[in-house]
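Asks: Just one file: start30.pdb, with PDB, C-alpha atoms and all ligand atoms.
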ATOM      1  CA  MET A   1      10.485 -13.660   9.344
ATOM      2  CA  ASN A   2      11.314 -11.199  12.096
ATOM      3  CA  PHE A   3       9.186  -8.356  13.303
ATOM      4  CA  MET A   4      10.159  -5.425  15.468
ATOM      5  CA  THR A   5       6.676  -4.341  16.651
ATOM      6  CA  THR A   6       3.614  -6.538  17.454
ATOM      7  CA  GLY A   7       0.432  -6.264  15.303
ATOM      8  CA  MET A   8      -3.392  -6.251  15.781
ATOM      9  CA  ARG A   9      -5.862  -9.171  16.265
ATOM     10  CA  VAL A  10      -8.627  -9.461  13.553
ATOM     11  CA  GLY A  11     -12.024 -11.309  13.280
ATOM     12  CA  SER A  12     -14.196 -12.592  10.235
ATOM     13  CA  GLY A  13     -17.388 -11.706   8.153
ATOM     14  CA  LYS A  14     -18.936 -10.883   4.651
ATOM     15  CA  SER A  15     -17.364  -8.631   1.985
ATOM     16  CA  LEU A  16     -17.851  -6.962  -1.443
ATOM     17  CA  ARG A  17     -15.145  -7.716  -4.038
ATOM     18  CA  ILE A  18     -13.872  -5.561  -6.909
ATOM     19  CA  THR A  19     -11.916  -7.862  -9.283
ATOM     20  CA  LEU A  20      -8.667  -6.109 -10.075
ATOM     21  CA  GLY A  21      -8.692  -7.912 -13.426
ATOM     22  CA  ALA A  22     -10.847  -4.976 -14.550
ATOM     23  CA  LEU A  23      -7.865  -2.815 -13.746
ATOM     24  CA  ALA A  24      -5.846  -4.875 -16.207
ATOM     25  CA  ALA A  25      -8.009  -3.173 -18.863
ATOM     26  CA  LEU A  26      -5.787  -0.179 -18.199
ATOM     27  CA  ALA A  27      -3.770  -1.273 -21.213
ATOM     28  CA  LEU A  28      -0.554   0.716 -20.952
ATOM     29  CA  SER A  29       2.570  -0.507 -22.760
ATOM     30  CA  SER A  30       5.132  -1.993 -20.390
ATOM     31  CA  SER A  31       8.827  -2.153 -20.940
ATOM     32  CA  PHE A  32      11.481  -3.598 -18.738
ATOM     33  CA  MET A  33      15.029  -2.346 -19.004
ATOM     34  CA  SER A  34      17.692  -4.879 -18.188
ATOM     35  CA  ALA A  35      19.302  -3.575 -15.037
ATOM     36  CA  PRO A  36      23.049  -2.992 -15.061
ATOM     37  CA  ALA A  37      25.171  -5.296 -12.956
ATOM     38  CA  VAL A  38      25.031  -4.169  -9.335
ATOM     39  CA  ALA A  39      28.100  -2.348  -8.128
ATOM     40  CA  ASP A  40      29.249  -3.069  -4.566
ATOM     41  CA  GLY A  41      27.306  -0.959  -2.144
ATOM     42  CA  LYS A  42      23.924  -1.263  -0.486
ATOM     43  CA  LEU A  43      23.206  -4.777  -1.748
ATOM     44  CA  GLU A  44      26.563  -6.049  -0.467
ATOM     45  CA  GLU A  45      25.855  -4.306   2.856
ATOM     46  CA  LEU A  46      22.461  -6.043   3.121
ATOM     47  CA  LYS A  47      23.951  -9.422   2.209
ATOM     48  CA  LYS A  48      26.471  -9.010   5.042
ATOM     49  CA  GLN A  49      23.718  -7.741   7.372
ATOM     50  CA  GLY A  50      21.679 -10.852   6.539
ATOM     51  CA  PHE A  51      18.381  -8.973   6.297
ATOM     52  CA  ALA A  52      16.735  -5.864   4.876
ATOM     53  CA  ARG A  53      14.912  -3.479   7.255
ATOM     54  CA  VAL A  54      11.544  -2.700   5.661
ATOM     55  CA  ALA A  55       8.762  -0.267   6.589
ATOM     56  CA  ILE A  56       5.199  -1.617   6.584
ATOM     57  CA  ALA A  57       1.830  -0.231   7.720
ATOM     58  CA  ASN A  58       0.049  -3.393   8.937
ATOM     59  CA  GLU A  59      -2.851  -2.878   6.510
ATOM     60  CA  PRO A  60      -3.980  -6.265   5.155
ATOM     61  CA  PRO A  61      -3.811  -7.514   2.457
ATOM     62  CA  TYR A  62      -0.911  -5.180   1.611
ATOM     63  CA  THR A  63       0.975  -5.836   4.834
ATOM     64  CA  GLU A  64      -0.022  -7.777   7.926
ATOM     65  CA  VAL A  65       1.509  -8.569  11.285
ATOM     66  CA  LYS A  66       0.089 -11.805  12.707
ATOM     67  CA  PRO A  67      -0.615 -12.042  16.440
ATOM     68  CA  ASP A  68       2.606 -14.055  16.842
ATOM     69  CA  GLY A  69       4.566 -11.201  15.236
ATOM     70  CA  THR A  70       5.224 -12.844  11.874
ATOM     71  CA  VAL A  71       4.941 -10.525   8.891
ATOM     72  CA  SER A  72       2.869 -11.368   5.812
ATOM     73  CA  GLY A  73       0.843  -9.492   3.217
ATOM     74  CA  ALA A  74       1.494  -9.160  -0.504
ATOM     75  CA  ALA A  75       4.158  -6.452  -0.273
ATOM     76  CA  PRO A  76       6.439  -8.116   2.303
ATOM     77  CA  ASP A  77       5.941 -11.527   0.663
ATOM     78  CA  VAL A  78       7.199 -10.146  -2.670
ATOM     79  CA  ALA A  79      10.052  -8.330  -0.914
ATOM     80  CA  ARG A  80      11.117 -11.423   1.036
ATOM     81  CA  GLU A  81      11.299 -13.470  -2.193
ATOM     82  CA  VAL A  82      13.126 -10.826  -4.215
ATOM     83  CA  PHE A  83      15.669 -10.184  -1.454
ATOM     84  CA  LYS A  84      16.174 -13.934  -1.012
ATOM     85  CA  ARG A  85      16.965 -14.257  -4.714
ATOM     86  CA  LEU A  86      19.400 -11.332  -4.333
ATOM     87  CA  GLY A  87      21.182 -13.165  -1.499
ATOM     88  CA  VAL A  88      19.632 -11.216   1.387
ATOM     89  CA  GLY A  89      18.296 -13.915   3.735
ATOM     90  CA  ASP A  90      15.367 -12.188   5.443
ATOM     91  CA  ILE A  91      13.410  -9.003   6.001
ATOM     92  CA  VAL A  92      12.857  -7.303   9.361
ATOM     93  CA  ALA A  93       9.736  -5.123   9.381
ATOM     94  CA  SER A  94       8.753  -2.066  11.394
ATOM     95  CA  ILE A  95       5.265  -0.533  11.416
ATOM     96  CA  SER A  96       5.201   3.071  10.266
ATOM     97  CA  GLU A  97       2.555   5.655   9.385
ATOM     98  CA  TYR A  98       2.522   6.220   5.614
ATOM     99  CA  GLY A  99       3.552   9.828   6.048
ATOM    100  CA  ALA A 100       6.648   8.780   8.022
ATOM    101  CA  MET A 101       7.881   6.096   5.608
ATOM    102  CA  ILE A 102       9.827   8.273   3.182
ATOM    103  CA  PRO A 103      11.464  10.413   5.930
ATOM    104  CA  GLY A 104      12.367   7.164   7.749
ATOM    105  CA  LEU A 105      13.865   5.698   4.584
ATOM    106  CA  GLN A 106      15.850   8.864   3.875
ATOM    107  CA  ALA A 107      17.078   8.955   7.498
ATOM    108  CA  GLY A 108      18.395   5.388   7.126
ATOM    109  CA  ARG A 109      15.905   3.807   9.551
ATOM    110  CA  PHE A 110      14.728   1.467   6.780
ATOM    111  CA  ASP A 111      16.532  -0.080   3.816
ATOM    112  CA  ALA A 112      13.308  -0.155   1.775
ATOM    113  CA  VAL A 113       9.593   0.622   2.010
ATOM    114  CA  THR A 114       7.514  -2.438   1.054
ATOM    115  CA  ALA A 115       4.068  -1.324   2.222
ATOM    116  CA  GLY A 116       1.816  -0.462  -0.702
ATOM    117  CA  LEU A 117       3.228   3.087  -0.805
ATOM    118  CA  PHE A 118       1.568   4.227  -4.028
ATOM    119  CA  MET A 119       3.713   5.770  -6.747
ATOM    120  CA  LYS A 120       2.864   9.446  -7.298
ATOM    121  CA  PRO A 121       5.068  12.132  -8.917
ATOM    122  CA  GLU A 122       5.839  13.883  -5.632
ATOM    123  CA  ARG A 123       6.934  10.612  -4.020
ATOM    124  CA  CYS A 124       8.891   9.607  -7.119
ATOM    125  CA  LYS A 125      10.948  12.762  -6.666
ATOM    126  CA  ALA A 126      11.902  11.660  -3.147
ATOM    127  CA  VAL A 127      12.649   7.931  -3.551
ATOM    128  CA  ALA A 128      13.801   5.369  -6.127
ATOM    129  CA  TYR A 129      10.773   3.143  -6.811
ATOM    130  CA  SER A 130      10.900  -0.346  -8.282
ATOM    131  CA  GLU A 131       8.608  -1.218 -11.161
ATOM    132  CA  PRO A 132       4.916  -1.596 -10.195
ATOM    133  CA  ILE A 133       3.877  -4.336  -7.777
ATOM    134  CA  LEU A 134       0.407  -3.856  -6.172
ATOM    135  CA  CYS A 135      -2.375  -1.915  -7.952
ATOM    136  CA  ASP A 136      -5.729  -0.924  -6.484
ATOM    137  CA  ALA A 137      -8.585   1.558  -6.712
ATOM    138  CA  GLU A 138      -9.816   3.665  -3.786
ATOM    139  CA  ALA A 139     -12.887   2.932  -1.642
ATOM    140  CA  LEU A 140     -15.072   4.560   1.012
ATOM    141  CA  LEU A 141     -16.428   2.631   3.980
ATOM    142  CA  VAL A 142     -19.799   4.163   4.959
ATOM    143  CA  LYS A 143     -22.903   3.293   6.979
ATOM    144  CA  LYS A 144     -25.353   0.898   5.271
ATOM    145  CA  GLY A 145     -27.433   2.666   2.606
ATOM    146  CA  ASN A 146     -24.765   5.381   2.190
ATOM    147  CA  PRO A 147     -27.047   7.896   3.968
ATOM    148  CA  MET A 148     -24.979  10.955   2.937
ATOM    149  CA  GLY A 149     -24.868   9.805  -0.691
ATOM    150  CA  PHE A 150     -21.087   9.777  -1.173
ATOM    151  CA  ALA A 151     -19.643   8.700  -4.525
ATOM    152  CA  SER A 152     -16.534  10.901  -4.640
ATOM    153  CA  TYR A 153     -14.228  12.872  -2.356
ATOM    154  CA  LYS A 154     -15.880  16.038  -3.743
ATOM    155  CA  ASP A 155     -19.234  14.847  -2.393
ATOM    156  CA  ILE A 156     -17.642  14.832   1.052
ATOM    157  CA  ALA A 157     -16.197  18.303   0.466
ATOM    158  CA  ASP A 158     -19.616  19.603  -0.628
ATOM    159  CA  ASN A 159     -21.352  18.435   2.548
ATOM    160  CA  PRO A 160     -20.297  20.751   5.414
ATOM    161  CA  LYS A 161     -21.307  18.134   7.985
ATOM    162  CA  ALA A 162     -19.281  15.270   6.429
ATOM    163  CA  ARG A 163     -16.064  14.042   8.067
ATOM    164  CA  ILE A 164     -13.701  11.577   6.350
ATOM    165  CA  GLY A 165     -11.099   9.377   8.047
ATOM    166  CA  ALA A 166      -7.866   8.506   6.270
ATOM    167  CA  PRO A 167      -4.297   7.398   7.089
ATOM    168  CA  GLY A 168      -1.892  10.185   8.086
ATOM    169  CA  GLY A 169       0.259  11.197   5.123
ATOM    170  CA  GLY A 170      -1.654   8.718   2.996
ATOM    171  CA  THR A 171      -3.064   9.039  -0.497
ATOM    172  CA  GLU A 172      -6.700   9.197   0.638
ATOM    173  CA  GLU A 173      -5.959  12.084   2.995
ATOM    174  CA  LYS A 174      -4.332  13.949   0.111
ATOM    175  CA  LEU A 175      -7.210  13.164  -2.289
ATOM    176  CA  ALA A 176      -9.770  14.442   0.231
ATOM    177  CA  LEU A 177      -7.855  17.693   0.802
ATOM    178  CA  GLN A 178      -7.328  18.165  -2.946
ATOM    179  CA  ALA A 179     -11.086  17.649  -3.494
ATOM    180  CA  GLY A 180     -11.714  20.568  -1.127
ATOM    181  CA  VAL A 181     -12.499  18.842   2.170
ATOM    182  CA  PRO A 182     -11.317  21.328   4.844
ATOM    183  CA  ARG A 183      -8.461  20.154   7.063
ATOM    184  CA  ASP A 184     -10.701  19.998  10.133
ATOM    185  CA  ARG A 185     -13.038  17.528   8.384
ATOM    186  CA  VAL A 186     -10.204  15.182   7.329
ATOM    187  CA  ILE A 187      -9.546  13.025  10.387
ATOM    188  CA  VAL A 188      -6.227  11.146  10.613
ATOM    189  CA  VAL A 189      -6.894   7.494  11.478
ATOM    190  CA  PRO A 190      -3.969   5.401  12.813
ATOM    191  CA  ASP A 191      -5.126   1.959  11.642
ATOM    192  CA  GLY A 192      -7.972   0.017  10.053
ATOM    193  CA  GLN A 193      -9.636  -1.168  13.220
ATOM    194  CA  SER A 194      -9.734   2.398  14.571
ATOM    195  CA  GLY A 195     -11.248   3.589  11.284
ATOM    196  CA  VAL A 196     -14.060   1.046  11.474
ATOM    197  CA  LYS A 197     -14.746   1.896  15.133
ATOM    198  CA  MET A 198     -14.795   5.643  14.435
ATOM    199  CA  LEU A 199     -17.327   5.092  11.643
ATOM    200  CA  GLN A 200     -19.472   2.791  13.803
ATOM    201  CA  ASP A 201     -19.408   5.365  16.622
ATOM    202  CA  GLY A 202     -20.384   8.189  14.248
ATOM    203  CA  ARG A 203     -17.118  10.108  14.737
ATOM    204  CA  ILE A 204     -16.528  10.008  10.975
ATOM    205  CA  ASP A 205     -18.998   9.595   8.087
ATOM    206  CA  ALA A 206     -16.637   7.791   5.704
ATOM    207  CA  TYR A 207     -13.348   5.959   6.056
ATOM    208  CA  SER A 208     -11.143   5.779   2.957
ATOM    209  CA  LEU A 209      -8.519   3.188   2.053
ATOM    210  CA  PRO A 210      -7.765   1.201  -1.103
ATOM    211  CA  VAL A 211     -10.485  -1.262  -2.136
ATOM    212  CA  LEU A 212      -8.738  -4.436  -1.002
ATOM    213  CA  SER A 213      -7.925  -2.958   2.408
ATOM    214  CA  ILE A 214     -11.528  -1.838   2.961
ATOM    215  CA  ASN A 215     -12.796  -5.247   1.802
ATOM    216  CA  ASP A 216     -10.531  -6.943   4.329
ATOM    217  CA  LEU A 217     -11.831  -4.728   7.142
ATOM    218  CA  VAL A 218     -15.490  -5.318   6.178
ATOM    219  CA  LYS A 219     -14.919  -9.066   6.166
ATOM    220  CA  LYS A 220     -13.369  -8.944   9.634
ATOM    221  CA  ALA A 221     -15.806  -6.406  11.117
ATOM    222  CA  ASN A 222     -18.763  -8.695  10.367
ATOM    223  CA  ASP A 223     -21.109  -5.681  10.759
ATOM    224  CA  PRO A 224     -24.224  -5.611   8.494
ATOM    225  CA  ASP A 225     -24.534  -1.859   9.072
ATOM    226  CA  LEU A 226     -21.409  -1.126   7.001
ATOM    227  CA  ALA A 227     -21.262  -0.606   3.212
ATOM    228  CA  VAL A 228     -18.477  -0.102   0.672
ATOM    229  CA  ILE A 229     -18.460   2.518  -2.085
ATOM    230  CA  ALA A 230     -15.884   1.368  -4.635
ATOM    231  CA  PRO A 231     -14.230   2.599  -6.720
ATOM    232  CA  VAL A 232     -14.356   6.225  -5.511
ATOM    233  CA  LYS A 233     -15.573   8.266  -8.497
ATOM    234  CA  GLY A 234     -12.816  10.363 -10.055
ATOM    235  CA  ALA A 235      -9.981   8.812  -8.032
ATOM    236  CA  PRO A 236      -7.138   7.214 -10.015
ATOM    237  CA  VAL A 237      -6.083   3.573  -9.811
ATOM    238  CA  TYR A 238      -2.719   3.552  -8.045
ATOM    239  CA  CYS A 239       0.142   1.062  -7.992
ATOM    240  CA  ASP A 240       2.906   0.777  -5.436
ATOM    241  CA  GLY A 241       6.491  -0.289  -5.880
ATOM    242  CA  ALA A 242       9.241  -1.075  -3.401
ATOM    243  CA  ALA A 243      10.823   2.274  -2.478
ATOM    244  CA  PHE A 244      14.556   2.786  -1.980
ATOM    245  CA  ARG A 245      16.742   5.804  -1.195
ATOM    246  CA  LYS A 246      17.729   7.720  -4.314
ATOM    247  CA  GLN A 247      21.398   6.902  -3.637
ATOM    248  CA  ASP A 248      20.559   3.169  -3.601
ATOM    249  CA  ALA A 249      19.450   3.089  -7.231
ATOM    250  CA  ASP A 250      21.858   0.174  -7.874
ATOM    251  CA  LEU A 251      19.931  -1.878  -5.298
ATOM    252  CA  ARG A 252      16.682  -0.761  -6.895
ATOM    253  CA  ASP A 253      17.931  -1.836 -10.316
ATOM    254  CA  ALA A 254      18.931  -5.253  -8.967
ATOM    255  CA  TYR A 255      15.497  -5.545  -7.304
ATOM    256  CA  ASP A 256      13.838  -4.657 -10.612
ATOM    257  CA  LYS A 257      15.802  -7.294 -12.506
ATOM    258  CA  VAL A 258      14.614 -10.065 -10.177
ATOM    259  CA  LEU A 259      11.083  -8.625 -10.115
ATOM    260  CA  ALA A 260      10.964  -8.713 -13.935
ATOM    261  CA  GLU A 261      12.122 -12.355 -13.924
ATOM    262  CA  MET A 262       9.418 -13.250 -11.379
ATOM    263  CA  LYS A 263       6.776 -11.434 -13.446
ATOM    264  CA  ALA A 264       7.852 -13.329 -16.562
ATOM    265  CA  SER A 265       7.947 -16.731 -14.857
ATOM    266  CA  GLY A 266       4.562 -16.414 -13.121
ATOM    267  CA  ASP A 267       6.157 -16.502  -9.652
ATOM    268  CA  PHE A 268       5.065 -12.891  -9.072
ATOM    269  CA  ALA A 269       1.405 -13.717  -9.740
ATOM    270  CA  LYS A 270       1.621 -16.766  -7.470
ATOM    271  CA  ILE A 271       2.550 -14.493  -4.560
ATOM    272  CA  ILE A 272       0.175 -11.535  -5.024
ATOM    273  CA  GLU A 273      -2.988 -12.987  -6.575
ATOM    274  CA  PRO A 274      -4.051 -15.083  -3.560
ATOM    275  CA  TYR A 275      -4.255 -11.734  -1.747
ATOM    276  CA  GLY A 276      -6.650 -10.385  -4.404
ATOM    277  CA  PHE A 277      -4.134  -8.312  -6.398
ATOM    278  CA  SER A 278      -3.780  -8.549 -10.190
ATOM    279  CA  ALA A 279      -0.370  -9.323 -11.683
ATOM    280  CA  ALA A 280      -1.710  -8.210 -15.065
ATOM    281  CA  ALA A 281      -2.586  -4.785 -13.638
ATOM    282  CA  ALA A 282       0.971  -4.326 -12.325
ATOM    283  CA  MET A 283       2.451  -5.569 -15.606
ATOM    284  CA  SER A 284       0.196  -3.291 -17.668
ATOM    285  CA  THR A 285       1.972  -0.126 -16.520
ATOM    286  CA  THR A 286       5.428   1.135 -15.620
ATOM    287  CA  ARG A 287       7.185   3.242 -13.014
ATOM    288  CA  ASP A 288       7.832   5.919 -15.623
ATOM    289  CA  LYS A 289       4.135   6.263 -16.415
ATOM    290  CA  LEU A 290       3.060   6.225 -12.751
ATOM    291  CA  CYS A 291       5.716   8.768 -11.799
ATOM    292  CA  GLY A 292       4.436  11.085 -14.494
ATOM    293  CA  GLY A 293       7.387  10.467 -16.846
TER
HETATM  294  O1  LIG A 301       0.262   4.849  -0.548
HETATM  295  C1  LIG A 301      -0.603   5.309   0.175
HETATM  296  O2  LIG A 301      -0.602   6.481   0.589
HETATM  297  C2  LIG A 301      -1.799   4.391   0.521
HETATM  298  N1  LIG A 301      -1.423   3.028   0.340
HETATM  299  C3  LIG A 301      -2.077   2.046   0.956
HETATM  300  C4  LIG A 301      -1.757   0.616   0.659
HETATM  301  N2  LIG A 301      -2.992   2.277   1.885
HETATM  302  C5  LIG A 301      -3.408   3.608   2.312
HETATM  303  C6  LIG A 301      -2.319   4.643   1.909
HETATM  304  O3  LIG A 301      -2.862   5.968   2.009
END
Can I see the file as C-alpha cells?

Replies:
Amino acid sequence: MNFMTTGMRVGSGKSLRITLGALAALALSSSFMSAPAVADGKLEELKKQGFARVAIANEPPYTEVKPDGTVSGAAPDVAREVFKRLGVGDIVASISEYGAMIPGLQAGRFDAVTAGLFMKPERCKAVAYSEPILCDAEALLVKKGNPMGFASYKDIADNPKARIGAPGGGTEEKLALQAGVPRDRVIVVPDGQSGVKMLQDGRIDAYSLPVLSINDLVKKANDPDLAVIAPVKGAPVYCDGAAFRKQDADLRDAYDKVLAEMKASGDFAKIIEPYGFSAAAAMSTTRDKLCGG
C-alpha cells in the first residue's frame, strides 16, 4: 500500500457509539444491475499502470494514513480489494480536501475518489458513483453539557454568537449554510485534530463530521470536556460510493459488479463492519435513490 503524503499521529480515550444497524431500518429496495462486460479503456490502463490513484481525506474510520504512511480505513480497504479482484494490483492514495476531490478527479489527478464522499444529487451530476458503500449520520462535537443547546444546524444558525467548524467543500459545511448559518460563522477546518483543538480553544462552538468520524476523534482526544450530539436533528443519513469520471463509466460498472459479488458473499461486511459501518445500511439503498433518481 503506497502513500504519496504522510498522515497525522493520533492518541486514545472514551467514546459514544451510534450503531449503524439502526440505519439499516431505512428499508429501501435494492437492485443490482449486472454490469456489461468492460470494454478496453480505463480498466486496461490501470491494469498496465499496476495501481489506481485514489483521493482520500485522512478522516478515520473512513480513510486513515498511519504514521508509517500506510493507508487504511474502510473506503481504501474496500477499494484495494475491488481493484485487486479487477486485476489492478494496488492503490496509491493522496490526501485531498473534500471540495477538491471532484475537480481533481475530473482533471485526471486521481483515477477514483474512495474517501467517504457522500452521494448527493449535485455530486452525482459531476461524477459516476458506484453503488453505496459507507453510510453514516451527521454529528456535532460540542463542549460537555452542550452549553449552547445545539440539536440541529438551524439551532446554530439561530444563535448569532455560534460558530461551526466543518471540512471545506464538505457536506456539513453545506448543511450549515443551507440551514442559514452565515458564511462568516461557518469555519473551514482542515482536519479532525484541528477541529478538536479549535473547539477546545473556544474558536468554534461546534465541530461537525459524520458520527463515526466524530466518535473516532472523541476516543483519541481523551478529553472529558467534550460531548457528541448525534444524529444531528433534521440531517439526512448519507452514503458514499467510489467516484469515477463520467467518461469512465465502464470502469465504474466493472467496480460495481465486483462490489455486488462482495456484498452477496459477505466479504464486503467483513471489511467495513470492523470499522463500525453497517453493510446492511449500504445494501438497503441504491445509487439511484441517493442521487435523487
Ligand atoms: O462527503 C462529504 O462531504 C463528507 N464525508 C465525510 C466522510 N466526511 C466529511 C465530509 O464533509

Asks: With 6 Å on each side, where is the centre of the axis-aligned box around all listed atoms of ligand LIG 301 (chain A), and how long are its edges in Å to one decimal, as JSON?

Replies:
{"center_x": -1.6, "center_y": 3.5, "center_z": 0.9, "size_x": 15.7, "size_y": 17.9, "size_z": 14.9}

Asks: Compile the contact shell of A:Ser72 as a ChimeraX atom specification: residues with an atom at most 12 Å away, counting only C-alpha atoms, same-chain residues fewer than 2 positions apart removed.

Replies: /A:1-3,7,56-70,74-81,91-93,114-115,271-272,275

Asks: Could you report the residues within 6 Å of ligand LIG 301 (chain A), using all atoms listed in the file, as a VMD selection string?

Replies: chain A and resid 62 98 116 to 118 167 170 to 172 209 to 210

Asks: For the structure shown, which residues end up in the PyMOL selection byres (((chain A and resi 259-263) around 8) and not hetatm)? Put them as a PyMOL selection string, please?

Replies: chain A and resi 32+82+131+255-258+264-269+279+283

Asks: As a check of understanding, name the residues that the PyMOL selection byres (((chain A and resi 87) around 12) and not hetatm) selects in the supplied structure, as a PDB file with C-alpha atoms, in the coordinates of the input.

Replies:
ATOM      1  CA  LEU A  43      23.206  -4.777  -1.748  1.00  0.00           C
ATOM      2  CA  GLU A  44      26.563  -6.049  -0.467  1.00  0.00           C
ATOM      3  CA  GLU A  45      25.855  -4.306   2.856  1.00  0.00           C
ATOM      4  CA  LEU A  46      22.461  -6.043   3.121  1.00  0.00           C
ATOM      5  CA  LYS A  47      23.951  -9.422   2.209  1.00  0.00           C
ATOM      6  CA  LYS A  48      26.471  -9.010   5.042  1.00  0.00           C
ATOM      7  CA  GLN A  49      23.718  -7.741   7.372  1.00  0.00           C
ATOM      8  CA  GLY A  50      21.679 -10.852   6.539  1.00  0.00           C
ATOM      9  CA  PHE A  51      18.381  -8.973   6.297  1.00  0.00           C
ATOM     10  CA  ALA A  52      16.735  -5.864   4.876  1.00  0.00           C
ATOM     11  CA  ARG A  80      11.117 -11.423   1.036  1.00  0.00           C
ATOM     12  CA  GLU A  81      11.299 -13.470  -2.193  1.00  0.00           C
ATOM     13  CA  VAL A  82      13.126 -10.826  -4.215  1.00  0.00           C
ATOM     14  CA  PHE A  83      15.669 -10.184  -1.454  1.00  0.00           C
ATOM     15  CA  LYS A  84      16.174 -13.934  -1.012  1.00  0.00           C
ATOM     16  CA  ARG A  85      16.965 -14.257  -4.714  1.00  0.00           C
ATOM     17  CA  LEU A  86      19.400 -11.332  -4.333  1.00  0.00           C
ATOM     18  CA  VAL A  88      19.632 -11.216   1.387  1.00  0.00           C
ATOM     19  CA  GLY A  89      18.296 -13.915   3.735  1.00  0.00           C
ATOM     20  CA  ASP A  90      15.367 -12.188   5.443  1.00  0.00           C
ATOM     21  CA  ILE A  91      13.410  -9.003   6.001  1.00  0.00           C
ATOM     22  CA  LEU A 251      19.931  -1.878  -5.298  1.00  0.00           C
ATOM     23  CA  ALA A 254      18.931  -5.253  -8.967  1.00  0.00           C
ATOM     24  CA  TYR A 255      15.497  -5.545  -7.304  1.00  0.00           C
ATOM     25  CA  VAL A 258      14.614 -10.065 -10.177  1.00  0.00           C
TER      26      VAL A 258
END

Asks: Choose the residue, out of A:Ala107, A:Val71, A:Val186, A:Ala128, that has the smallest atom-to-atom separation from A:Cys291; count all atoms listed in the file.

Replies: A:Ala128

Asks: Of the candidates A:Gln193, A:Ser208, A:Ser278, A:Asn159, which one gets nearest to A:Glu173 if we count only C-alpha atoms?

Replies: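 Result for the nearest residue to A:Glu173: A:Ser208.
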
Asks: Translate the PyMOL selection byres (((chain A and resi 136) around 7) and not hetatm) into a concrete residue list for this structure, as number ranges by chain.

Replies: A: 20, 134-135, 137-138, 210-211, 237-239

Asks: Please save C-alpha atoms of the selected residues as a short mmCIF file (atom, residue, chain, number, x, y, z; two decimals), in the coordinates of the input.

Replies:
data_model
loop_
_atom_site.label_atom_id
_atom_site.label_comp_id
_atom_site.auth_asym_id
_atom_site.auth_seq_id
_atom_site.Cartn_x
_atom_site.Cartn_y
_atom_site.Cartn_z
CA LEU A 20 -8.67 -6.11 -10.07
CA LEU A 134 0.41 -3.86 -6.17
CA CYS A 135 -2.38 -1.92 -7.95
CA ALA A 137 -8.59 1.56 -6.71
CA GLU A 138 -9.82 3.66 -3.79
CA PRO A 210 -7.76 1.20 -1.10
CA VAL A 211 -10.48 -1.26 -2.14
CA VAL A 237 -6.08 3.57 -9.81
CA TYR A 238 -2.72 3.55 -8.04
CA CYS A 239 0.14 1.06 -7.99
#

Asks: Separation of atom CA of A:Val113 and atom CA of A:Ala243, in Å?

Replies: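 Going from atom CA of A:Val113 over to atom CA of A:Ala243 covers 4.9 Å.
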
Asks: What would stretch 135-145 of chain A look like with N, CA, C and O atoms restored, written as a short mmCIF file (atom, residue, chain, number, x, y, z; two decimals), keeping the file's coordinate frame?

Replies:
data_model
loop_
_atom_site.label_atom_id
_atom_site.label_comp_id
_atom_site.auth_asym_id
_atom_site.auth_seq_id
_atom_site.Cartn_x
_atom_site.Cartn_y
_atom_site.Cartn_z
N CYS A 135 -1.49 -2.96 -7.43
CA CYS A 135 -2.38 -1.92 -7.95
C CYS A 135 -3.77 -2.04 -7.34
O CYS A 135 -4.24 -3.15 -7.07
N ASP A 136 -4.41 -0.89 -7.14
CA ASP A 136 -5.73 -0.92 -6.48
C ASP A 136 -6.44 0.40 -6.73
O ASP A 136 -5.80 1.44 -6.93
N ALA A 137 -7.78 0.33 -6.68
CA ALA A 137 -8.59 1.56 -6.71
C ALA A 137 -8.83 2.01 -5.27
O ALA A 137 -8.43 1.34 -4.33
N GLU A 138 -9.52 3.14 -5.13
CA GLU A 138 -9.82 3.66 -3.79
C GLU A 138 -11.26 3.33 -3.41
O GLU A 138 -12.13 3.13 -4.27
N ALA A 139 -11.54 3.27 -2.12
CA ALA A 139 -12.89 2.93 -1.64
C ALA A 139 -13.25 3.82 -0.45
O ALA A 139 -12.39 4.41 0.20
N LEU A 140 -14.55 3.89 -0.19
CA LEU A 140 -15.07 4.56 1.01
C LEU A 140 -15.87 3.53 1.81
O LEU A 140 -16.73 2.84 1.25
N LEU A 141 -15.60 3.44 3.08
CA LEU A 141 -16.43 2.63 3.98
C LEU A 141 -17.44 3.59 4.60
O LEU A 141 -17.07 4.64 5.13
N VAL A 142 -18.74 3.26 4.46
CA VAL A 142 -19.80 4.16 4.96
C VAL A 142 -20.83 3.33 5.72
O VAL A 142 -20.76 2.09 5.74
N LYS A 143 -21.79 4.00 6.31
CA LYS A 143 -22.90 3.29 6.98
C LYS A 143 -23.79 2.69 5.88
O LYS A 143 -23.89 3.23 4.76
N LYS A 144 -24.47 1.58 6.23
CA LYS A 144 -25.35 0.90 5.27
C LYS A 144 -26.32 1.90 4.64
O LYS A 144 -26.85 2.78 5.31
N GLY A 145 -26.52 1.77 3.31
CA GLY A 145 -27.43 2.67 2.61
C GLY A 145 -26.78 3.98 2.20
O GLY A 145 -27.42 4.82 1.56
#
